[in-house]
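Okay, structure first, notes after.
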Amino acid sequence: VMRILTVIATIMLPITVVASVYGMNIPLPLQESKFSFLYVFLIMLVIIGGILYFFRRQRWV
């Protein structure tokens with residue numbers, strides 16, 4: 001149970017950081033583009049994929 005909760009928390013942490021940075025009311029890169037939501041969403045998916053790849057390679061998941 002603890003391993004599963006740790007994996008879930010580890011996957012959610014970088015996504016939360018990216019979402020909170022882009023939720024700030026200051027000018028950010030890619031903010032003016034009409035595809036900015038798509039770019040940030042793809043960045044989050046790449047982060048999730050990288051973390052899952054690492055965990056599967058280490059046989060933690």
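Following the order of the structure tokens, chains are lettered A, B, ..., residues in each are numbered from 1, and ligands are numbered from 1.
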Next on the checklist: Need to verify the contact set: segment 36-46 of chain A, 12 Å, only C-alpha atoms, exclusion of same-chain residues closer than 3 positions in sequence. Can you return it as a list in words?
Outcome noted: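 Using only C-alpha atoms, the neighbours found are Ile11, Met12, Leu13, Pro14, Ile15, Thr16, Val17, Val18, Ala19, Ser20, Val21, Tyr22, Gly23, Leu28, Pro29, Leu30, Gln31, Glu32, Ser33, Gly49, Gly50, Ile51, Leu52 and Tyr53 of chain A.
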Item to check | Backbone-only DSSP, alpha helix (DSSP H) members of chain A, as number ranges by chain | outcome: A: 2-22, 36-57
Next on the checklist: If we count only C-alpha atoms and set the cut-off at 12 Å, which residues sit around Arg3 of chain A, ignoring sequence neighbours fewer than 2 positions away in its own chain? Please answer as a PyMOL selection string.
Outcome noted: chain A and resi 1+5-10+55+59-61
